[in-house]
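Reproduced below: model37.csv, with CSV, C-alpha atoms.
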```csv
chain,number,residue,atom,x,y,z
A,1,MET,CA,29.7,-104.4,-23.5
A,2,MET,CA,28.9,-100.9,-22.2
A,3,LYS,CA,28.5,-98.2,-24.9
A,4,GLU,CA,30.7,-95.1,-24.6
A,5,ALA,CA,28.8,-92.1,-23.3
A,6,ILE,CA,27.7,-89.6,-25.9
A,7,LYS,CA,29.3,-86.2,-25.7
A,8,ALA,CA,27.0,-83.3,-25.0
A,9,TYR,CA,27.7,-79.6,-24.7
A,10,ILE,CA,26.0,-77.0,-22.5
A,11,THR,CA,25.5,-73.4,-23.5
A,12,ASN,CA,23.3,-71.2,-21.3
A,13,GLU,CA,20.1,-73.2,-20.9
A,14,ARG,CA,20.6,-75.6,-23.7
A,15,VAL,CA,22.3,-79.0,-24.0
A,16,THR,CA,23.1,-80.4,-27.4
A,17,THR,CA,24.7,-83.7,-28.1
A,18,GLU,CA,27.5,-84.4,-30.6
A,19,ASN,CA,26.5,-85.0,-34.1
A,20,SER,CA,26.7,-88.8,-34.2
A,21,GLU,CA,24.8,-92.1,-34.9
A,22,ALA,CA,24.9,-92.8,-31.2
A,23,ALA,CA,23.0,-89.6,-30.5
A,24,LYS,CA,20.5,-90.4,-33.2
A,25,GLU,CA,20.0,-93.8,-31.7
A,26,LEU,CA,19.5,-92.3,-28.2
A,27,TYR,CA,16.7,-90.2,-29.7
A,28,ASP,CA,15.2,-93.1,-31.7
A,29,GLN,CA,15.2,-95.5,-28.7
A,30,GLY,CA,14.0,-93.3,-25.9
A,31,ARG,CA,12.8,-90.1,-27.6
A,32,TYR,CA,15.1,-88.0,-25.4
A,33,GLY,CA,15.1,-84.3,-26.6
A,34,THR,CA,14.5,-83.1,-30.1
A,35,LEU,CA,16.4,-84.4,-33.1
A,36,LYS,CA,18.4,-81.8,-35.1
A,37,ASP,CA,20.1,-83.6,-37.9
A,38,GLN,CA,22.3,-86.2,-36.1
A,39,SER,CA,22.5,-84.3,-32.8
A,40,VAL,CA,19.9,-84.1,-30.1
A,41,GLN,CA,18.8,-81.0,-28.2
A,42,LEU,CA,18.0,-81.8,-24.6
A,43,SER,CA,16.2,-80.0,-21.8
A,44,LEU,CA,18.1,-79.6,-18.5
A,45,ILE,CA,16.0,-82.3,-16.9
A,46,GLU,CA,16.7,-84.7,-19.7
A,47,ALA,CA,20.4,-83.8,-19.7
A,48,TYR,CA,20.6,-84.3,-15.9
A,49,TYR,CA,18.9,-87.7,-16.1
A,50,LEU,CA,21.1,-88.9,-18.9
A,51,LEU,CA,24.2,-87.6,-17.1
A,52,GLU,CA,23.2,-89.4,-13.9
A,53,LYS,CA,22.7,-92.6,-16.0
A,54,GLY,CA,26.1,-92.3,-17.6
A,55,LYS,CA,24.6,-92.0,-21.1
A,56,ILE,CA,26.1,-88.6,-21.8
A,57,THR,CA,29.3,-86.8,-20.7
A,58,LEU,CA,28.6,-83.1,-20.5
A,59,MET,CA,31.2,-80.5,-21.5
A,60,ASN,CA,31.2,-76.7,-21.1
A,61,ASN,CA,32.3,-74.1,-23.7
A,62,ARG,CA,35.9,-74.5,-22.6
A,63,ASN,CA,35.7,-78.3,-23.3
A,64,LYS,CA,35.9,-79.1,-19.6
A,65,ALA,CA,33.7,-81.9,-18.1
A,66,VAL,CA,30.6,-80.7,-16.2
A,67,LEU,CA,29.8,-82.8,-13.1
A,68,PRO,CA,26.2,-83.8,-12.3
A,69,GLU,CA,26.2,-81.6,-9.1
A,70,THR,CA,27.3,-78.6,-11.1
A,71,LEU,CA,24.5,-79.1,-13.6
A,72,LEU,CA,22.0,-79.5,-10.8
A,73,LYS,CA,23.1,-76.3,-9.1
A,74,LYS,CA,22.8,-74.4,-12.4
A,75,ALA,CA,19.4,-76.0,-13.2
A,76,LYS,CA,18.0,-75.1,-9.7
A,77,LYS,CA,19.1,-71.5,-10.2
A,78,LEU,CA,17.4,-71.3,-13.6
A,79,GLU,CA,14.3,-73.1,-12.5
A,80,PRO,CA,13.4,-73.1,-8.7
A,81,ALA,CA,11.0,-76.0,-9.2
A,82,PHE,CA,13.7,-78.2,-10.9
A,83,TRP,CA,14.1,-80.8,-8.2
A,84,LYS,CA,10.4,-81.4,-7.8
A,85,ARG,CA,10.0,-81.7,-11.6
A,86,TYR,CA,13.1,-83.9,-11.9
A,87,ALA,CA,11.8,-86.3,-9.2
A,88,VAL,CA,8.6,-86.8,-11.4
A,89,TYR,CA,10.6,-87.1,-14.7
A,90,LYS,CA,13.0,-89.7,-13.3
A,91,ASP,CA,10.2,-91.7,-11.7
A,92,ILE,CA,8.2,-91.9,-14.9
A,93,ARG,CA,11.2,-92.7,-17.0
A,94,GLU,CA,12.2,-95.5,-14.6
A,95,ARG,CA,8.7,-97.0,-14.9
A,96,GLY,CA,9.2,-97.4,-18.6
A,97,TYR,CA,7.3,-94.5,-20.0
A,98,ILE,CA,8.3,-91.7,-22.3
A,99,ILE,CA,7.8,-88.3,-20.7
A,100,LYS,CA,8.1,-85.0,-22.6
A,101,THR,CA,7.4,-81.3,-21.8
A,102,ALA,CA,3.8,-80.1,-22.2
A,103,LEU,CA,4.2,-76.3,-22.2
A,104,LYS,CA,1.9,-75.9,-25.2
A,105,PHE,CA,-0.8,-77.8,-23.2
A,106,GLY,CA,-0.3,-75.6,-20.2
A,107,ALA,CA,1.1,-78.5,-18.1
A,108,ASP,CA,4.6,-79.5,-17.0
A,109,PHE,CA,4.8,-82.9,-18.8
A,110,ARG,CA,2.9,-85.3,-21.1
A,111,ILE,CA,3.3,-89.0,-20.7
A,112,TYR,CA,2.9,-91.7,-23.4
A,113,ASP,CA,1.7,-95.2,-22.8
A,114,ARG,CA,4.4,-97.8,-22.6
A,115,GLY,CA,5.6,-98.7,-26.1
A,116,VAL,CA,4.1,-95.6,-27.7
A,117,LYS,CA,6.5,-93.0,-29.0
A,118,PRO,CA,5.7,-89.3,-29.6
A,119,GLY,CA,4.5,-88.9,-33.2
A,120,GLU,CA,3.1,-92.5,-33.3
A,121,ASP,CA,0.1,-91.6,-31.1
A,122,HIS,CA,-1.0,-89.0,-28.6
A,123,ALA,CA,0.0,-88.8,-25.0
A,124,ARG,CA,-2.4,-90.3,-22.5
A,125,TRP,CA,-1.7,-88.0,-19.5
A,126,ILE,CA,-0.7,-84.5,-18.7
A,127,VAL,CA,1.2,-84.2,-15.4
A,128,TYR,CA,1.5,-81.4,-12.8
A,129,PRO,CA,4.2,-82.0,-10.2
A,130,VAL,CA,3.3,-80.6,-6.7
A,131,HIS,CA,5.2,-80.8,-3.5
A,132,GLU,CA,3.4,-82.5,-0.6
A,133,ALA,CA,3.5,-79.2,1.4
A,134,GLU,CA,2.1,-77.1,-1.4
A,135,HIS,CA,-1.6,-76.0,-1.5
A,136,LEU,CA,-3.7,-76.3,-4.5
A,137,THR,CA,-7.0,-74.3,-4.6
A,138,TRP,CA,-10.2,-75.8,-6.1
A,139,TYR,CA,-9.9,-73.1,-8.8
A,140,GLU,CA,-6.3,-74.3,-9.7
A,141,PHE,CA,-7.4,-77.9,-9.6
A,142,ALA,CA,-10.4,-77.2,-11.8
A,143,ALA,CA,-8.2,-75.3,-14.3
A,144,LYS,CA,-5.8,-78.2,-14.5
A,145,ASN,CA,-8.6,-80.7,-15.0
A,146,ARG,CA,-10.2,-78.5,-17.7
A,147,VAL,CA,-6.8,-78.3,-19.6
A,148,ALA,CA,-6.6,-82.1,-19.4
A,149,HIS,CA,-10.2,-82.6,-20.6
A,150,SER,CA,-9.9,-80.0,-23.4
A,151,THR,CA,-6.7,-81.7,-24.7
A,152,LYS,CA,-8.3,-85.2,-24.5
A,153,LYS,CA,-5.8,-86.4,-21.9
A,154,ARG,CA,-6.0,-87.7,-18.4
A,155,LEU,CA,-4.8,-85.5,-15.5
A,156,LEU,CA,-2.1,-86.8,-13.2
A,157,ILE,CA,-1.2,-84.8,-10.1
A,158,ALA,CA,2.3,-86.0,-9.1
A,159,VAL,CA,2.8,-85.4,-5.4
A,160,VAL,CA,6.5,-85.3,-4.5
A,161,ASP,CA,7.4,-85.9,-0.8
A,162,ALA,CA,10.4,-84.6,1.2
A,163,GLU,CA,12.4,-87.8,0.2
A,164,GLY,CA,11.7,-87.3,-3.5
A,165,ASP,CA,9.2,-90.2,-3.7
A,166,VAL,CA,6.3,-89.6,-6.0
A,167,SER,CA,2.6,-90.6,-5.6
A,168,TYR,CA,0.2,-90.1,-8.5
A,169,TRP,CA,-3.5,-89.1,-8.5
A,170,GLU,CA,-5.4,-89.5,-11.7
A,171,CYS,CA,-8.4,-87.3,-12.2
A,172,ARG,CA,-11.0,-87.3,-15.0
A,173,TRP,CA,-14.4,-85.9,-15.8
A,174,LEU,CA,-17.3,-88.2,-15.3
A,175,ARG,CA,-20.8,-87.9,-16.6
A,176,PRO,CA,-23.3,-89.3,-14.2
```
Have the structure of the file written as structure tokens, please.
Amino acid sequence: MMKEAIKAYITNERVTTENSEAAKELYDQGRYGTLKDQSVQLSLIEAYYLLEKGKITLMNNRNKAVLPETLLKKAKKLEPAFWKRYAVYKDIRERGYIIKTALKFGADFRIYDRGVKPGEDHARWIVYPVHEAEHLTWYEFAAKNRVAHSTKKRLLIAVVDAEGDVSYWECRWLRP
């Protein structure tokens, strides 16, 4: 039996689910968003992923349904790197990992080992999505590696190709 999609509402750059047990369960099981009472506040990336999966139905302030392509258009306007970041988010989620934002670490995302939920243990990796056509200087690379090292996490460079496929490069400091 398929569960009914959870209602969520978009206002500006925020998406908030209805206040329900189903919303709390969505958070508890997959750690999507941030729990606020019985509702969940989602990022645009999380909302787009859940909308694509049929886990939520998205409504605007006039209580009209928002289609996935409408949300994608809005998200790309607000965040030019949205599609590249979304390709990485989706790939990691579909591999069975929990992925959360990592702005306070100076990275795009942090990833937890399979079976580990945020709050139970620390993330293992911080991730920087880059498009295959982008250039990264040695200074930028060194800065990203330093952030990973100082936060006791491994660095993942997620390279997104033109088709949206993602390859990962893990980097760490070694002492000879």
For range 13-30 of chain A, list every protein, DNA or RNA residue within 7 Å, evaluated using all atoms listed in the file, and leave out those in the same chain fewer than 5 positions away; present the list as a short mmCIF file (atom, residue, chain, number, x, y, z; two decimals) with C-alpha atoms, in the frame of the given file.
```cif
data_model
loop_
_atom_site.label_atom_id
_atom_site.label_comp_id
_atom_site.auth_asym_id
_atom_site.auth_seq_id
_atom_site.Cartn_x
_atom_site.Cartn_y
_atom_site.Cartn_z
CA ILE A 6 27.70 -89.60 -25.90
CA LYS A 7 29.30 -86.20 -25.70
CA ALA A 8 27.00 -83.30 -25.00
CA LEU A 35 16.40 -84.40 -33.10
CA GLN A 38 22.30 -86.20 -36.10
CA SER A 39 22.50 -84.30 -32.80
CA VAL A 40 19.90 -84.10 -30.10
CA GLN A 41 18.80 -81.00 -28.20
CA LEU A 42 18.00 -81.80 -24.60
CA SER A 43 16.20 -80.00 -21.80
CA LEU A 44 18.10 -79.60 -18.50
CA ALA A 47 20.40 -83.80 -19.70
CA ILE A 98 8.30 -91.70 -22.30
#
```
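Residues lying at most 10 Å from (16.5, -79.2, -12.3) in file coordinates, with all atoms listed in the file considered, are Ser43, Leu44, Ile45, Glu46, Ala47, Tyr48, Tyr49, Leu71, Leu72, Lys73, Lys74, Ala75, Lys76, Lys77, Leu78, Glu79, Pro80, Ala81, Phe82, Trp83, Lys84, Arg85, Tyr86 and Ala87 of chain A.
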Filtering to C-alpha atoms, could you give me those residues as an mmCIF file, in the coordinates of the input?
```
data_model
loop_
_atom_site.group_PDB
_atom_site.id
_atom_site.type_symbol
_atom_site.label_atom_id
_atom_site.label_comp_id
_atom_site.auth_asym_id
_atom_site.auth_seq_id
_atom_site.Cartn_x
_atom_site.Cartn_y
_atom_site.Cartn_z
ATOM 1 C CA SER A 43 16.200 -80.000 -21.800
ATOM 2 C CA LEU A 44 18.100 -79.600 -18.500
ATOM 3 C CA ILE A 45 16.000 -82.300 -16.900
ATOM 4 C CA GLU A 46 16.700 -84.700 -19.700
ATOM 5 C CA ALA A 47 20.400 -83.800 -19.700
ATOM 6 C CA TYR A 48 20.600 -84.300 -15.900
ATOM 7 C CA TYR A 49 18.900 -87.700 -16.100
ATOM 8 C CA LEU A 71 24.500 -79.100 -13.600
ATOM 9 C CA LEU A 72 22.000 -79.500 -10.800
ATOM 10 C CA LYS A 73 23.100 -76.300 -9.100
ATOM 11 C CA LYS A 74 22.800 -74.400 -12.400
ATOM 12 C CA ALA A 75 19.400 -76.000 -13.200
ATOM 13 C CA LYS A 76 18.000 -75.100 -9.700
ATOM 14 C CA LYS A 77 19.100 -71.500 -10.200
ATOM 15 C CA LEU A 78 17.400 -71.300 -13.600
ATOM 16 C CA GLU A 79 14.300 -73.100 -12.500
ATOM 17 C CA PRO A 80 13.400 -73.100 -8.700
ATOM 18 C CA ALA A 81 11.000 -76.000 -9.200
ATOM 19 C CA PHE A 82 13.700 -78.200 -10.900
ATOM 20 C CA TRP A 83 14.100 -80.800 -8.200
ATOM 21 C CA LYS A 84 10.400 -81.400 -7.800
ATOM 22 C CA ARG A 85 10.000 -81.700 -11.600
ATOM 23 C CA TYR A 86 13.100 -83.900 -11.900
ATOM 24 C CA ALA A 87 11.800 -86.300 -9.200
#
```
_Straight-line distance linking CA of Thr34 in chain A with CA of His131 in chain A, stated in Å to one decimal_ = 28.3 Å
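The interatomic distance for the pair CA of Pro68 in chain A and CA of Asp37 in chain A works out to 26.3 Å.
Between CA of Glu140 in chain A and CA of Trp169 in chain A lies a distance of 15.1 Å.
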*Using all atoms listed in the file, find the one residue out of A:Arg110, A:His135, A:His149, A:Arg172 that sits nearest to Tyr89 in chain A.*
A:Arg110
*Just the residues within 10 Å of Gly96 in chain A, please, counting all atoms listed in the file, with nothing from its chain fewer than 4 positions along; format it as a PyMOL selection string.*
chain A and resi 30+91-92+112-115
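In this comparison, which uses all atoms listed in the file, the residue of A:Ile99, A:Ile10, A:Val88, A:Ala162 approaching Ile56 in chain A most closely is A:Ile10.
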Working from the structure I just supplied, which lacks atoms in range 61-81 of chain A, can you model N, CA and C atoms there and output them as a PDB file, in the coordinates of the input?
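Generated file (part.pdb):
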```pdb
ATOM      1  N   ASN A  61      31.722 -74.743 -22.458  1.00  0.00           N
ATOM      2  CA  ASN A  61      32.300 -74.100 -23.700  1.00  0.00           C
ATOM      3  C   ASN A  61      33.803 -74.054 -23.683  1.00  0.00           C
ATOM      4  N   ARG A  62      34.451 -74.436 -22.577  1.00  0.00           N
ATOM      5  CA  ARG A  62      35.900 -74.500 -22.600  1.00  0.00           C
ATOM      6  C   ARG A  62      36.367 -76.000 -22.697  1.00  0.00           C
ATOM      7  N   ASN A  63      35.418 -76.856 -23.081  1.00  0.00           N
ATOM      8  CA  ASN A  63      35.700 -78.300 -23.300  1.00  0.00           C
ATOM      9  C   ASN A  63      36.098 -79.003 -21.996  1.00  0.00           C
ATOM     10  N   LYS A  64      35.611 -78.514 -20.861  1.00  0.00           N
ATOM     11  CA  LYS A  64      35.900 -79.100 -19.600  1.00  0.00           C
ATOM     12  C   LYS A  64      34.611 -79.892 -19.140  1.00  0.00           C
ATOM     13  N   ALA A  65      34.798 -81.037 -18.502  1.00  0.00           N
ATOM     14  CA  ALA A  65      33.700 -81.900 -18.100  1.00  0.00           C
ATOM     15  C   ALA A  65      32.834 -81.126 -17.006  1.00  0.00           C
ATOM     16  N   VAL A  66      31.516 -81.253 -17.126  1.00  0.00           N
ATOM     17  CA  VAL A  66      30.600 -80.700 -16.200  1.00  0.00           C
ATOM     18  C   VAL A  66      30.066 -81.830 -15.305  1.00  0.00           C
ATOM     19  N   LEU A  67      30.247 -81.716 -14.000  1.00  0.00           N
ATOM     20  CA  LEU A  67      29.800 -82.800 -13.100  1.00  0.00           C
ATOM     21  C   LEU A  67      28.288 -82.658 -12.862  1.00  0.00           C
ATOM     22  N   PRO A  68      27.647 -83.789 -12.523  1.00  0.00           N
ATOM     23  CA  PRO A  68      26.200 -83.800 -12.300  1.00  0.00           C
ATOM     24  C   PRO A  68      25.795 -82.707 -11.244  1.00  0.00           C
ATOM     25  N   GLU A  69      26.562 -82.580 -10.152  1.00  0.00           N
ATOM     26  CA  GLU A  69      26.200 -81.600  -9.100  1.00  0.00           C
ATOM     27  C   GLU A  69      26.298 -80.160  -9.611  1.00  0.00           C
ATOM     28  N   THR A  70      27.200 -79.904 -10.556  1.00  0.00           N
ATOM     29  CA  THR A  70      27.300 -78.600 -11.100  1.00  0.00           C
ATOM     30  C   THR A  70      26.116 -78.255 -12.010  1.00  0.00           C
ATOM     31  N   LEU A  71      25.707 -79.238 -12.809  1.00  0.00           N
ATOM     32  CA  LEU A  71      24.500 -79.100 -13.600  1.00  0.00           C
ATOM     33  C   LEU A  71      23.279 -78.878 -12.758  1.00  0.00           C
ATOM     34  N   LEU A  72      23.171 -79.647 -11.692  1.00  0.00           N
ATOM     35  CA  LEU A  72      22.000 -79.500 -10.800  1.00  0.00           C
ATOM     36  C   LEU A  72      21.950 -78.144 -10.167  1.00  0.00           C
ATOM     37  N   LYS A  73      23.089 -77.619  -9.731  1.00  0.00           N
ATOM     38  CA  LYS A  73      23.100 -76.300  -9.100  1.00  0.00           C
ATOM     39  C   LYS A  73      22.662 -75.234 -10.145  1.00  0.00           C
ATOM     40  N   LYS A  74      23.156 -75.338 -11.379  1.00  0.00           N
ATOM     41  CA  LYS A  74      22.800 -74.400 -12.400  1.00  0.00           C
ATOM     42  C   LYS A  74      21.275 -74.509 -12.744  1.00  0.00           C
ATOM     43  N   ALA A  75      20.782 -75.737 -12.848  1.00  0.00           N
ATOM     44  CA  ALA A  75      19.400 -76.000 -13.200  1.00  0.00           C
ATOM     45  C   ALA A  75      18.451 -75.424 -12.082  1.00  0.00           C
ATOM     46  N   LYS A  76      18.831 -75.625 -10.818  1.00  0.00           N
ATOM     47  CA  LYS A  76      18.000 -75.100  -9.700  1.00  0.00           C
ATOM     48  C   LYS A  76      17.983 -73.591  -9.686  1.00  0.00           C
ATOM     49  N   LYS A  77      19.081 -72.979 -10.112  1.00  0.00           N
ATOM     50  CA  LYS A  77      19.100 -71.500 -10.200  1.00  0.00           C
ATOM     51  C   LYS A  77      18.219 -70.994 -11.287  1.00  0.00           C
ATOM     52  N   LEU A  78      18.252 -71.662 -12.432  1.00  0.00           N
ATOM     53  CA  LEU A  78      17.400 -71.300 -13.600  1.00  0.00           C
ATOM     54  C   LEU A  78      15.950 -71.561 -13.359  1.00  0.00           C
ATOM     55  N   GLU A  79      15.689 -72.644 -12.639  1.00  0.00           N
ATOM     56  CA  GLU A  79      14.300 -73.100 -12.500  1.00  0.00           C
ATOM     57  C   GLU A  79      14.127 -73.569 -11.012  1.00  0.00           C
ATOM     58  N   PRO A  80      13.551 -72.722 -10.172  1.00  0.00           N
ATOM     59  CA  PRO A  80      13.400 -73.100  -8.700  1.00  0.00           C
ATOM     60  C   PRO A  80      12.670 -74.384  -8.479  1.00  0.00           C
ATOM     61  N   ALA A  81      11.741 -74.791  -9.355  1.00  0.00           N
ATOM     62  CA  ALA A  81      11.000 -76.000  -9.200  1.00  0.00           C
ATOM     63  C   ALA A  81      11.693 -77.242  -9.798  1.00  0.00           C
TER      64      ALA A  81
END
```
